[in-house]
Amino acid sequence: MKKVYARRVSLAAGSAAALVCTLALSGQTAQAAPPSPPDAATARTYLTQIKEQPEGPQDGYSRDKFPHWIDQGKNCNTREVVLKRDGTDVKQDDSCTATSGKWVSAYDGATWTDPADLDIDHVVPLSEAWKSGAAQWTTARRQELANDLTHSQLIAVTDNLNQEKGDKDPAKWLPPKASYHCEYARMWVSVKHEYGMTADSAEKAALKKILDGC
């Protein structure tokens, strides 16, 4: 099924992000995956350092308060950089839009050749982030999270799975591919720890259970 994406492009691109884009597009750091999260032992330590707190209210939340996908240089926005990074043999047109390639969705193991079948998942969903502390952040900080190419926050996955996940945390949703649960938990904890977000008790319990089995 053909999907239509809204691409929000901002002119605010940091030099570090532009460097990531330049390297990714040149193939120097092609890895067909997000940046690796910390190992399980480190993630378990990080989890103990994440403040346990009930989720805040959804009041005032809007995706527009997390500007994305921003310009990353070379006429590419964040979505296109991630598609290039997470795929193999990715071809792009003059506007940097992916036109073909091969992507294996880590969440379910499905293989796709049409970029329209992929969503860029925010591992920690933006609504979840809002309820975990981002409501008090500056717009610039929220933009950083929404376009983070440095940490394991963005990944190209089967679009229907991303939509099924919505804003659920790991106590309510996990990738159907069970062998990816450890990686997913490490990614989630790494991002929440990096940004100083909170986690509720059920979320922390679910993450601890996964990490203890890694």
# chains A, B, ... in the order shown; residues from 1 in each chain; ligands from 1
>>> residues_around(residues="A:Pro115", least_positions_apart="6", cutoff="10 Å", atoms="only C-alpha atoms", output="count of residues only")
16
>>> closest_atom_pairs(of="stretch 124-177 of chain A", to="stretch 61-71 of chain A", cutoff="8 Å", atoms="only C-alpha atoms", output="tab-separated table")
residue	atom	partner	partner_atom	distance
A:Leu126	CA	A:Arg63	CA	7.0
A:Ser127	CA	A:Tyr61	CA	6.9
A:Trp130	CA	A:Tyr61	CA	6.8
A:Ala135	CA	A:Tyr61	CA	7.5
A:Thr139	CA	A:Lys65	CA	6.3
A:Arg142	CA	A:Phe66	CA	5.0
A:Gln143	CA	A:Phe66	CA	4.8
A:Leu145	CA	A:Phe66	CA	7.8
A:Ala146	CA	A:Phe66	CA	5.9
A:Asn147	CA	A:His68	CA	6.3
>>> write_last_selection(atoms="N, CA, C and O atoms", output="mmCIF file, in the first residue's frame")
data_model
loop_
_atom_site.group_PDB
_atom_site.id
_atom_site.type_symbol
_atom_site.label_atom_id
_atom_site.label_comp_id
_atom_site.auth_asym_id
_atom_site.auth_seq_id
_atom_site.Cartn_x
_atom_site.Cartn_y
_atom_site.Cartn_z
ATOM 1 N N LEU A 126 7.841 10.251 20.524
ATOM 2 C CA LEU A 126 7.837 11.661 20.920
ATOM 3 C C LEU A 126 6.786 11.930 21.999
ATOM 4 O O LEU A 126 7.030 12.706 22.927
ATOM 5 N N SER A 127 5.632 11.294 21.902
ATOM 6 C CA SER A 127 4.615 11.467 22.936
ATOM 7 C C SER A 127 5.089 10.900 24.271
ATOM 8 O O SER A 127 4.862 11.499 25.332
ATOM 9 N N TRP A 130 7.477 13.320 25.742
ATOM 10 C CA TRP A 130 6.750 14.463 26.307
ATOM 11 C C TRP A 130 6.293 14.171 27.728
ATOM 12 O O TRP A 130 6.440 14.984 28.637
ATOM 13 N N ALA A 135 8.228 17.751 28.047
ATOM 14 C CA ALA A 135 7.297 18.884 28.091
ATOM 15 C C ALA A 135 7.976 20.122 28.661
ATOM 16 O O ALA A 135 7.574 21.257 28.353
ATOM 17 N N THR A 139 12.400 23.893 22.696
ATOM 18 C CA THR A 139 12.110 23.327 21.378
ATOM 19 C C THR A 139 13.382 22.786 20.741
ATOM 20 O O THR A 139 13.363 21.744 20.072
ATOM 21 N N ARG A 142 14.039 19.341 22.059
ATOM 22 C CA ARG A 142 13.091 18.372 21.499
ATOM 23 C C ARG A 142 13.430 18.067 20.042
ATOM 24 O O ARG A 142 13.312 16.923 19.590
ATOM 25 N N GLN A 143 13.864 19.070 19.320
ATOM 26 C CA GLN A 143 14.288 18.854 17.936
ATOM 27 C C GLN A 143 15.495 17.917 17.885
ATOM 28 O O GLN A 143 15.587 17.053 17.001
ATOM 29 N N LEU A 145 16.254 15.486 19.961
ATOM 30 C CA LEU A 145 15.791 14.116 20.171
ATOM 31 C C LEU A 145 15.115 13.562 18.913
ATOM 32 O O LEU A 145 15.342 12.414 18.530
ATOM 33 N N ALA A 146 14.290 14.373 18.286
ATOM 34 C CA ALA A 146 13.502 13.917 17.145
ATOM 35 C C ALA A 146 14.328 13.644 15.905
ATOM 36 O O ALA A 146 13.856 12.986 14.969
ATOM 37 N N ASN A 147 15.572 14.128 15.879
ATOM 38 C CA ASN A 147 16.431 13.976 14.704
ATOM 39 C C ASN A 147 17.792 13.395 15.067
ATOM 40 O O ASN A 147 18.767 13.572 14.329
#
>>> residues_around(residues="A:Gln49", least_positions_apart="3", cutoff="10 Å", atoms="only C-alpha atoms", output="JSON list (two decimals) with all heavy atoms, in the first residue's frame")
[["chain", "number", "residue", "atom", "x", "y", "z"],
["A", 43, "ALA", "N", 23.67, -0.90, 30.14],
["A", 43, "ALA", "CA", 22.26, -0.52, 30.09],
["A", 43, "ALA", "C", 21.58, -0.79, 31.43],
["A", 43, "ALA", "O", 20.74, -0.01, 31.89],
["A", 43, "ALA", "CB", 21.55, -1.27, 28.97],
["A", 44, "ARG", "N", 21.95, -1.90, 32.09],
["A", 44, "ARG", "CA", 21.37, -2.19, 33.41],
["A", 44, "ARG", "C", 21.76, -1.10, 34.42],
["A", 44, "ARG", "O", 20.93, -0.69, 35.25],
["A", 44, "ARG", "CB", 21.83, -3.57, 33.89],
["A", 44, "ARG", "CG", 21.13, -4.72, 33.21],
["A", 44, "ARG", "CD", 21.38, -6.04, 33.91],
["A", 44, "ARG", "NE", 22.74, -6.52, 33.73],
["A", 44, "ARG", "CZ", 23.13, -7.32, 32.74],
["A", 44, "ARG", "NH1", 22.27, -7.72, 31.82],
["A", 44, "ARG", "NH2", 24.38, -7.72, 32.67],
["A", 45, "THR", "N", 23.00, -0.64, 34.33],
["A", 45, "THR", "CA", 23.43, 0.45, 35.21],
["A", 45, "THR", "C", 22.68, 1.73, 34.90],
["A", 45, "THR", "O", 22.20, 2.43, 35.80],
["A", 45, "THR", "CB", 24.94, 0.68, 35.06],
["A", 45, "THR", "OG1", 25.64, -0.49, 35.45],
["A", 45, "THR", "CG2", 25.41, 1.85, 35.93],
["A", 46, "TYR", "N", 22.55, 2.04, 33.61],
["A", 46, "TYR", "CA", 21.82, 3.23, 33.20],
["A", 46, "TYR", "C", 20.37, 3.18, 33.70],
["A", 46, "TYR", "O", 19.81, 4.19, 34.13],
["A", 46, "TYR", "CB", 21.82, 3.38, 31.68],
["A", 46, "TYR", "CG", 23.11, 3.88, 31.08],
["A", 46, "TYR", "CD1", 23.26, 3.95, 29.69],
["A", 46, "TYR", "CD2", 24.18, 4.30, 31.86],
["A", 46, "TYR", "CE1", 24.42, 4.43, 29.11],
["A", 46, "TYR", "CE2", 25.35, 4.77, 31.29],
["A", 46, "TYR", "CZ", 25.47, 4.83, 29.91],
["A", 46, "TYR", "OH", 26.62, 5.30, 29.32],
["A", 52, "GLU", "N", 12.55, 6.91, 38.49],
["A", 52, "GLU", "CA", 11.24, 6.28, 38.38],
["A", 52, "GLU", "C", 10.17, 7.28, 38.78],
["A", 52, "GLU", "O", 10.19, 7.85, 39.87],
["A", 52, "GLU", "CB", 11.16, 5.04, 39.27],
["A", 52, "GLU", "CG", 9.85, 4.28, 39.12],
["A", 52, "GLU", "CD", 9.83, 2.99, 39.90],
["A", 52, "GLU", "OE1", 10.82, 2.23, 39.82],
["A", 52, "GLU", "OE2", 8.83, 2.76, 40.61],
["A", 189, "VAL", "N", 16.80, 2.33, 26.80],
["A", 189, "VAL", "CA", 17.43, 2.80, 28.03],
["A", 189, "VAL", "C", 18.52, 3.82, 27.72],
["A", 189, "VAL", "O", 18.65, 4.85, 28.41],
["A", 189, "VAL", "CB", 18.01, 1.62, 28.83],
["A", 189, "VAL", "CG1", 18.90, 2.10, 29.97],
["A", 189, "VAL", "CG2", 16.88, 0.76, 29.38],
["A", 193, "HIS", "N", 18.32, 7.58, 29.16],
["A", 193, "HIS", "CA", 19.41, 8.00, 30.05],
["A", 193, "HIS", "C", 20.13, 9.22, 29.48],
["A", 193, "HIS", "O", 20.41, 10.18, 30.20],
["A", 193, "HIS", "CB", 20.40, 6.83, 30.22],
["A", 193, "HIS", "CG", 21.54, 7.13, 31.15],
["A", 193, "HIS", "ND1", 22.75, 7.63, 30.69],
["A", 193, "HIS", "CD2", 21.66, 7.00, 32.50],
["A", 193, "HIS", "CE1", 23.55, 7.79, 31.73],
["A", 193, "HIS", "NE2", 22.93, 7.42, 32.83],
["A", 196, "GLY", "N", 17.99, 12.30, 30.00],
["A", 196, "GLY", "CA", 17.51, 12.56, 31.35],
["A", 196, "GLY", "C", 16.01, 12.39, 31.52],
["A", 196, "GLY", "O", 15.39, 13.05, 32.36],
["A", 198, "THR", "N", 12.45, 10.36, 32.46],
["A", 198, "THR", "CA", 11.99, 9.48, 33.54],
["A", 198, "THR", "C", 11.37, 8.21, 32.95],
["A", 198, "THR", "O", 11.17, 8.11, 31.73],
["A", 198, "THR", "CB", 10.94, 10.19, 34.41],
["A", 198, "THR", "OG1", 9.81, 10.56, 33.59],
["A", 198, "THR", "CG2", 11.54, 11.45, 35.04]]
>>> closest_residue(among="A:Leu118, A:Ala40, A:Pro125, A:Asn75", to="A:His181", atoms="only C-alpha atoms")
A:Ala40
>>> select_by_dssp(residues="stretch 42-164 of chain A", states="alpha helix (DSSP H)", output="PyMOL selection string")
chain A and resi 42-49+78-86+126-131+139-146+159-164
>>> closest_residue(among="A:Leu161, A:Thr138, A:Glu144, A:Cys96", to="A:Asp117", atoms="only C-alpha atoms")
A:Leu161
>>> atom_distance(atom1="atom CA of A:Ala205", atom2="atom CA of A:Asp59")
25.8 Å
>>> closest_residue(among="A:Ala41, A:Ala199, A:Leu174, A:Val191", to="A:Leu149", atoms="only C-alpha atoms")
A:Val191
